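Enquirer: Just passing along the structure, written as structure tokens.
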There are 2 protein chains.
Amino acid sequence: MNQPDVLQEVDLHQLKVTDAFLGEYQRLVRDVVIPYQWDALNDRIEEADPSHAIENFEIAAGRKDGEFYGMVFQDSDVAKWLEAVAWSLCQKPDAELEKTADEVIELVEAAQCEDGYLNTYFTVKEPELRWTNLAECHELYCAGHMIEAGVAFFQATGKRRLLDVVCRFADHIDSVFGPGENQIHGYPGHPEIELALMRLYEVTDNPRYLNLANYFVEERGAAPHFYDSEYEKRGRTSYWNIHGPAWMVKDKAYSQAHEPLALQQTAIGHAVRFVYLMAGVAHLARLHKDEEKRQTCLRLWDNMVQKQMYITGGIGSQSSGEAFSADYDLPNDTVYAESCASIGLMMFARRMLQMEADSRFADVMERALYNTVLGGMALDGKHFFYVNPLEVHPKTLSFNHIYDHVKPVRQLPAEHRPRADLAGPLYLYSAAGCPLRASVRRQ
Amino acid sequence: MNQPDVLQEVDLHQLKVTDAFLGEYQRLVRDVVIPYQWDALNDRIEEADPSHAIENFEIAAGRKDGEFYGMVFQDSDVAKWLEAVAWSLCQKPDAELEKTADEVIELVEAAQCEDGYLNTYFTVKEPELRWTNLAECHELYCAGHMIEAGVAFFQATGKRRLLDVVCRFADHIDSVFGPGENQIHGYPGHPEIELALMRLYEVTDNPRYLNLANYFVEERGAAPHFYDSEYEKRGRTSYWNIHGPAWMVKDKAYSQAHEPLALQQTAIGHAVRFVYLMAGVAHLARLHKDEEKRQTCLRLWDNMVQKQMYITGGIGSQSSGEAFSADYDLPNDTVYAESCASIGLMMFARRMLQMEADSRFADVMERALYNTVLGGMALDGKHFFYVNPLEVHPKTLSFNHIYDHVKPVRQLPAEHRPRADLAGPLYLYSAAGCPLRASVRRQ
């Protein structure tokens, strides 16, 4: 194992970016994006569809009456805002912003259940359905984002309040999932918890978080298949049906769960899920000194970068499923290549670089950053371009339905639209890599 | 008006094709396709999904008990088989085949209602819903195909029996549709009746058929919109819902009914509908000496051929809606370009040639014939390739969903799949230009 112990990350408190280009982006996020998204989370942006994200927490905390509103993964917007604030505070202290964040953290803590559980969708709307639909309902995905926020806020400010909240939540998850007789032998439909648990392990040194991440990774794709057994157990109900009943349960490669990761040979399925998963696996391989997982990372990295990545650092060559296609199938015009996947690609690349200290990983990070990541946010910090085609003929877009996903702003693809009983707002992802509902003019 | 009266069609009874290439296709259709499709219509092809087309007529005629089965336009398969038989008999008499056809014609006559109405779907399955859903249910489309069969059989054999049947049917339609107070002020969602009525006019010299064709063409796209009023009148029920409720009613350009034809500037919507419609309009313009309609034909022909046709004679550059896209949007790989649309293109071109006597129309016919039309049928006469992409990478087809329509055999696109209460068989179209259910191995 070629572990470069000399590779140390820069302390963000010490880092000052003076470069006009990147420095301007830091300023833009700090001065515009963060306050703007805060207004969005609180439904104060008139031209945007309502977010309700903060209100969901207030309702879950019992501070307000009302119904849950939004996507099943609405909570992650709040988590991602908190993480963005954390890194911003490293760069430039801001007492007022920190106070606002502290209040949000207090609210999040108040919404946490007695046993450590934390998710406003299930707490408010379907408390009896907790942990019954991992394949489809983003429960561990939201947990992962909040864990990341807790870690970041601790690293940035030294404050432990949110870290303690997410440790309690992670401990709860560790009690629910595992090989034990009374535990769920499962894993998330949308990876994220794996990379989050590895970050939590790094700041806490608590091996149960590393072991839980390892459990989720190793259980993934095992037979008999967890998605099927939980589907039967809950009476064959399904949350998303746009591609047919329970399509997320059936199309297991969509979430890289069709077979154990050790057997997988190609980057496959939903591109964001793939790179989120692999970021966690690479982190785990390094800290667990797991040679098999390291080889898996190298193998799948090579397939992705050599045969399924665009020259722009875009990944996910098809709109259907926002997914990888096949080796060398890289259409320039119908490509999806969402900014979020390229952000996840940078996260995966960063873990590979920490593991291997090979410049080729840094090259991919740079390629994605300057093209598909930065290209996703307008210079005003309030408009986001989401997919990254390499060839567009604007006059044709509205005539040929193969381009339906090519929009001037992020719009949720069909498979992510909520059930009919939920509204279907437009969604944006912030350039910081976080799903954040933002100001989108209705089309 | 430049009407070339000298242009006379060859009498098919006198025409002998000795060319090895085209002669072999005639032989193939006569010796293989027609008998094979006859077996298919009678559900005697083991590896094909059931057709039930002949049985539907037997049930409608009261000769058999049972339920209607198949697509709402199932009858057209029988009509197209009869027309193929007619042209084959011109070339080579075949007493046994003619006897079989005579029996089918007797059956069709027996299935005709007292008032002239003829459609097994509505007669057997939903008699009370006759003429309530022109936008979606192919009722006038099936009528048109049967009228064409009646005309062809008369022209080929001199026998009037089917011609009399379809005249009674056309007279019934003429009584139902029109500007009168108690008539329906409507027109078909899928054009076909227009070109069929013009053919019927040519053999009968009865001006009511020309006038009825003219009514359907002129009423098309008028405001307030017929699709909307019949939709309201029948209580907002919808037959096809795959693109959302009543999408065929809402997407009026799909069937060239978004505005009056005289105002339309581009080839638009479902490509087969467009060329079927225009074949009828060109025939009408010539015989009615209608300069405005002639200009419409020339204008839309030019747009189609100069800006929306492939070098192969393929039209319909997108799979969604099997439709035209926009000027110069001609992707090589995701194109639909179904064989049937190119057959319709030849039909339109033939009418234009009869009107203008300009070789450019013959050039397009030839281009389509040798590429997208003949290319649609395998040399064994039993397998059909339906879409005509110019670029295919076979290994990629099953990975990228933009190629879902590219199949080695004809498969109904999503928008043509029947309601859940009907089975969804695979469909083929014969190289004779007729929708015919054929032997398709289940995939």
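To be explicit about the labels: the chains of the structure tokens are called A, B, and onward in the order shown, and within each one the residues are counted from 1, while ligands get numbers from 1 in the order they are shown.
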At a cut-off of 10 Å, which residues of chain A touch chain B? Count only C-alpha atoms and give the answer as a list in words.
Expert: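 Contact residues on the first chain: Ile268, Gly269, Ser317, Gln318, Ser319, Ser320, Gly321, Ala323, Phe324, Ser325, Ala326, Asp327, Tyr328, Asp329, Leu330, Pro331, Asp333, Thr334, Val335, His393, Lys395, Thr396, Leu397, Ser398, Phe399, Asn400, His401 and Ile402 of chain A.
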Enquirer: Next, dump the selected residues to file, keeping only C-alpha atoms, as an mmCIF file, in the first residue's frame.
Expert:
data_model
loop_
_atom_site.group_PDB
_atom_site.id
_atom_site.type_symbol
_atom_site.label_atom_id
_atom_site.label_comp_id
_atom_site.auth_asym_id
_atom_site.auth_seq_id
_atom_site.Cartn_x
_atom_site.Cartn_y
_atom_site.Cartn_z
ATOM 1 C CA ILE A 268 -22.334 2.597 -13.592
ATOM 2 C CA GLY A 269 -25.719 4.050 -12.722
ATOM 3 C CA SER A 317 -23.499 10.861 -20.326
ATOM 4 C CA GLN A 318 -27.250 10.350 -20.339
ATOM 5 C CA SER A 319 -30.220 12.225 -18.927
ATOM 6 C CA SER A 320 -32.233 9.105 -18.175
ATOM 7 C CA GLY A 321 -31.227 8.260 -14.622
ATOM 8 C CA ALA A 323 -26.376 8.141 -15.352
ATOM 9 C CA PHE A 324 -23.284 6.657 -16.870
ATOM 10 C CA SER A 325 -23.858 4.862 -20.156
ATOM 11 C CA ALA A 326 -21.227 2.547 -21.666
ATOM 12 C CA ASP A 327 -17.518 2.845 -22.384
ATOM 13 C CA TYR A 328 -16.767 5.533 -24.957
ATOM 14 C CA ASP A 329 -20.428 6.553 -25.309
ATOM 15 C CA LEU A 330 -19.942 10.283 -24.865
ATOM 16 C CA PRO A 331 -22.483 12.210 -26.928
ATOM 17 C CA ASP A 333 -25.373 17.167 -27.158
ATOM 18 C CA THR A 334 -27.619 14.774 -25.231
ATOM 19 C CA VAL A 335 -25.173 14.405 -22.331
ATOM 20 C CA HIS A 393 -28.205 24.621 -30.548
ATOM 21 C CA LYS A 395 -33.195 27.138 -31.276
ATOM 22 C CA THR A 396 -33.596 23.373 -31.357
ATOM 23 C CA LEU A 397 -33.907 22.783 -27.613
ATOM 24 C CA SER A 398 -37.628 23.255 -27.399
ATOM 25 C CA PHE A 399 -38.366 21.080 -30.429
ATOM 26 C CA ASN A 400 -36.420 17.874 -29.881
ATOM 27 C CA HIS A 401 -37.311 16.088 -26.665
ATOM 28 C CA ILE A 402 -33.881 14.467 -26.384
#
Enquirer: As a count of residues only, list the residues of region 229-331 of chain B assigned to helix (DSSP H, G or I) by DSSP on the backbone atoms of this structure.
Expert: 53
Enquirer: Which residues are near Arg367 (chain B)? Cut-off 12 Å, only C-alpha atoms, ignore same chain within fewer than 6 positions. Put them as a PyMOL selection string.
Expert: chain B and resi 305+309-315+342-343+345-346+349+360-361+373-375
Enquirer: Find the spatial neighbours of Arg27 (chain B), counting only C-alpha atoms, within a cut-off of 12 Å - ignore same-chain residues fewer than 3 positions away - and output them as a list in words.
Expert: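 That gives Lys16, Val17, Thr18, Asp19, Ala20, Phe21, Leu22, Gly23, Glu24, Arg30, Asp31, Val32, Val33, Ile34, Pro35, Ser88, Leu89, Gln91, Lys92, Leu379, Asp380 and Gly381 of chain B.
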Enquirer: Let me see the file: selected residues, C-alpha atoms, as a compact mmCIF listing (two decimals), in the first residue's frame.
Expert:
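Result saved to result11.txt:
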# COMPACT_ATOMS: atom_id res chain seq x y z
CA LYS B 16 -44.54 -6.16 -65.81
CA VAL B 17 -41.47 -5.55 -63.70
CA THR B 18 -38.64 -7.67 -65.07
CA ASP B 19 -35.86 -5.97 -63.18
CA ALA B 20 -34.15 -8.53 -60.96
CA PHE B 21 -34.01 -6.22 -57.95
CA LEU B 22 -37.54 -4.82 -57.82
CA GLY B 23 -39.01 -7.95 -59.42
CA GLU B 24 -37.63 -9.99 -56.59
CA ARG B 30 -46.52 -12.18 -53.29
CA ASP B 31 -45.01 -15.52 -52.29
CA VAL B 32 -43.99 -14.85 -48.70
CA VAL B 33 -45.27 -11.65 -47.13
CA ILE B 34 -48.93 -11.93 -48.10
CA PRO B 35 -49.36 -15.59 -46.99
CA SER B 88 -50.61 -8.52 -56.16
CA LEU B 89 -53.58 -9.87 -58.13
CA GLN B 91 -49.52 -8.58 -61.28
CA LYS B 92 -50.28 -12.24 -61.14
CA LEU B 379 -34.90 -10.45 -47.48
CA ASP B 380 -36.84 -13.32 -45.93
CA GLY B 381 -40.04 -11.21 -45.91
Enquirer: Find the residues near region 290-299 of chain B: any atom within 10 Å, counting only C-alpha atoms, skip ones fewer than 2 places away on the same chain, and give them as a JSON list (two decimals) with N, CA, C and O atoms, in the first residue's frame.
Expert:
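Writing the result to part-v5.json gives the following:
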[["chain", "number", "residue", "atom", "x", "y", "z"],
["B", 1, "MET", "N", -52.40, 27.63, -62.29],
["B", 1, "MET", "CA", -52.18, 26.25, -61.80],
["B", 1, "MET", "C", -51.55, 25.42, -62.91],
["B", 1, "MET", "O", -52.06, 25.35, -64.01],
["B", 2, "ASN", "N", -50.43, 24.82, -62.56],
["B", 2, "ASN", "CA", -49.67, 24.06, -63.53],
["B", 2, "ASN", "C", -50.06, 22.58, -63.48],
["B", 2, "ASN", "O", -49.39, 21.75, -62.89],
["B", 217, "VAL", "N", -60.14, 18.82, -44.19],
["B", 217, "VAL", "CA", -58.89, 19.60, -44.31],
["B", 217, "VAL", "C", -59.11, 21.04, -43.85],
["B", 217, "VAL", "O", -58.29, 21.60, -43.12],
["B", 218, "GLU", "N", -60.22, 21.62, -44.24],
["B", 218, "GLU", "CA", -60.42, 23.04, -43.91],
["B", 218, "GLU", "C", -60.82, 23.25, -42.45],
["B", 218, "GLU", "O", -60.52, 24.29, -41.87],
["B", 261, "LEU", "N", -54.28, 24.72, -41.66],
["B", 261, "LEU", "CA", -53.17, 24.31, -42.52],
["B", 261, "LEU", "C", -52.66, 25.48, -43.37],
["B", 261, "LEU", "O", -51.45, 25.58, -43.63],
["B", 262, "ALA", "N", -53.54, 26.35, -43.77],
["B", 262, "ALA", "CA", -53.15, 27.47, -44.61],
["B", 262, "ALA", "C", -52.14, 28.38, -43.91],
["B", 262, "ALA", "O", -51.38, 29.10, -44.57],
["B", 263, "LEU", "N", -52.11, 28.32, -42.59],
["B", 263, "LEU", "CA", -51.19, 29.17, -41.82],
["B", 263, "LEU", "C", -49.89, 28.46, -41.47],
["B", 263, "LEU", "O", -48.93, 29.09, -41.04],
["B", 264, "GLN", "N", -49.89, 27.14, -41.60],
["B", 264, "GLN", "CA", -48.72, 26.38, -41.15],
["B", 264, "GLN", "C", -47.53, 26.60, -42.09],
["B", 264, "GLN", "O", -47.68, 26.61, -43.31],
["B", 265, "GLN", "N", -46.34, 26.76, -41.47],
["B", 265, "GLN", "CA", -45.15, 27.09, -42.23],
["B", 265, "GLN", "C", -44.12, 25.97, -42.27],
["B", 265, "GLN", "O", -43.21, 26.00, -43.10],
["B", 266, "THR", "N", -44.24, 25.02, -41.35],
["B", 266, "THR", "CA", -43.22, 23.96, -41.29],
["B", 266, "THR", "C", -43.87, 22.60, -41.11],
["B", 266, "THR", "O", -44.95, 22.47, -40.55],
["B", 267, "ALA", "N", -43.17, 21.58, -41.61],
["B", 267, "ALA", "CA", -43.55, 20.20, -41.31],
["B", 267, "ALA", "C", -43.40, 20.02, -39.81],
["B", 267, "ALA", "O", -42.37, 20.36, -39.24],
["B", 278, "MET", "N", -50.83, 15.39, -45.90],
["B", 278, "MET", "CA", -50.43, 16.17, -47.07],
["B", 278, "MET", "C", -50.67, 15.42, -48.37],
["B", 278, "MET", "O", -50.92, 16.04, -49.42],
["B", 279, "ALA", "N", -50.59, 14.08, -48.34],
["B", 279, "ALA", "CA", -50.93, 13.31, -49.53],
["B", 279, "ALA", "C", -52.38, 13.59, -49.93],
["B", 279, "ALA", "O", -52.71, 13.81, -51.10],
["B", 281, "VAL", "N", -54.12, 16.27, -49.08],
["B", 281, "VAL", "CA", -54.27, 17.69, -49.45],
["B", 281, "VAL", "C", -53.77, 17.92, -50.89],
["B", 281, "VAL", "O", -54.41, 18.65, -51.66],
["B", 282, "ALA", "N", -52.66, 17.27, -51.25],
["B", 282, "ALA", "CA", -52.12, 17.45, -52.60],
["B", 282, "ALA", "C", -53.09, 16.88, -53.64],
["B", 282, "ALA", "O", -53.31, 17.48, -54.70],
["B", 283, "HIS", "N", -53.67, 15.75, -53.33],
["B", 283, "HIS", "CA", -54.65, 15.13, -54.23],
["B", 283, "HIS", "C", -55.87, 16.06, -54.38],
["B", 283, "HIS", "O", -56.38, 16.30, -55.48],
["B", 284, "LEU", "N", -56.28, 16.59, -53.25],
["B", 284, "LEU", "CA", -57.43, 17.51, -53.23],
["B", 284, "LEU", "C", -57.11, 18.79, -53.99],
["B", 284, "LEU", "O", -57.94, 19.29, -54.78],
["B", 285, "ALA", "N", -55.94, 19.34, -53.78],
["B", 285, "ALA", "CA", -55.56, 20.60, -54.44],
["B", 285, "ALA", "C", -55.61, 20.44, -55.96],
["B", 285, "ALA", "O", -56.09, 21.32, -56.68],
["B", 286, "ARG", "N", -55.11, 19.29, -56.42],
["B", 286, "ARG", "CA", -55.09, 19.06, -57.87],
["B", 286, "ARG", "C", -56.51, 18.92, -58.43],
["B", 286, "ARG", "O", -56.87, 19.61, -59.38],
["B", 287, "LEU", "N", -57.29, 18.04, -57.81],
["B", 287, "LEU", "CA", -58.59, 17.76, -58.40],
["B", 287, "LEU", "C", -59.61, 18.86, -58.14],
["B", 287, "LEU", "O", -60.57, 19.03, -58.88],
["B", 288, "HIS", "N", -59.38, 19.62, -57.06],
["B", 288, "HIS", "CA", -60.29, 20.71, -56.72],
["B", 288, "HIS", "C", -59.79, 22.03, -57.32],
["B", 288, "HIS", "O", -60.44, 23.06, -57.14],
["B", 301, "TRP", "N", -43.92, 21.05, -48.32],
["B", 301, "TRP", "CA", -42.99, 20.11, -48.96],
["B", 301, "TRP", "C", -41.56, 20.66, -48.91],
["B", 301, "TRP", "O", -40.63, 19.97, -48.52],
["B", 302, "ASP", "N", -41.41, 21.90, -49.30],
["B", 302, "ASP", "CA", -40.08, 22.49, -49.34],
["B", 302, "ASP", "C", -39.45, 22.52, -47.95],
["B", 302, "ASP", "O", -38.27, 22.20, -47.78],
["B", 303, "ASN", "N", -40.24, 22.90, -46.95],
["B", 303, "ASN", "CA", -39.67, 22.91, -45.60],
["B", 303, "ASN", "C", -39.21, 21.51, -45.21],
["B", 303, "ASN", "O", -38.10, 21.32, -44.70],
["B", 304, "MET", "N", -40.06, 20.53, -45.47],
["B", 304, "MET", "CA", -39.73, 19.15, -45.08],
["B", 304, "MET", "C", -38.49, 18.65, -45.81],
["B", 304, "MET", "O", -37.55, 18.14, -45.17],
["B", 348, "PHE", "N", -47.05, 11.15, -50.49],
["B", 348, "PHE", "CA", -47.13, 12.60, -50.64],
["B", 348, "PHE", "C", -46.40, 13.02, -51.92],
["B", 348, "PHE", "O", -46.93, 13.78, -52.76],
["B", 351, "ARG", "N", -48.32, 12.32, -55.11],
["B", 351, "ARG", "CA", -49.38, 13.30, -55.39],
["B", 351, "ARG", "C", -48.78, 14.62, -55.89],
["B", 351, "ARG", "O", -49.39, 15.32, -56.72],
["B", 352, "MET", "N", -47.64, 14.99, -55.32],
["B", 352, "MET", "CA", -47.00, 16.23, -55.78],
["B", 352, "MET", "C", -46.54, 16.09, -57.23],
["B", 352, "MET", "O", -46.66, 17.02, -58.03],
["B", 355, "MET", "N", -49.30, 16.46, -59.51],
["B", 355, "MET", "CA", -49.74, 17.85, -59.60],
["B", 355, "MET", "C", -48.77, 18.71, -60.39],
["B", 355, "MET", "O", -49.20, 19.58, -61.15],
["B", 356, "GLU", "N", -47.48, 18.49, -60.21],
["B", 356, "GLU", "CA", -46.48, 19.41, -60.73],
["B", 356, "GLU", "C", -45.64, 18.86, -61.89],
["B", 356, "GLU", "O", -44.99, 19.63, -62.59]]
Enquirer: Report, in Å to a single decimal, how far apart CA of Arg160 (chain B) and CA of Val10 (chain B) are.
Expert: 21.5 Å
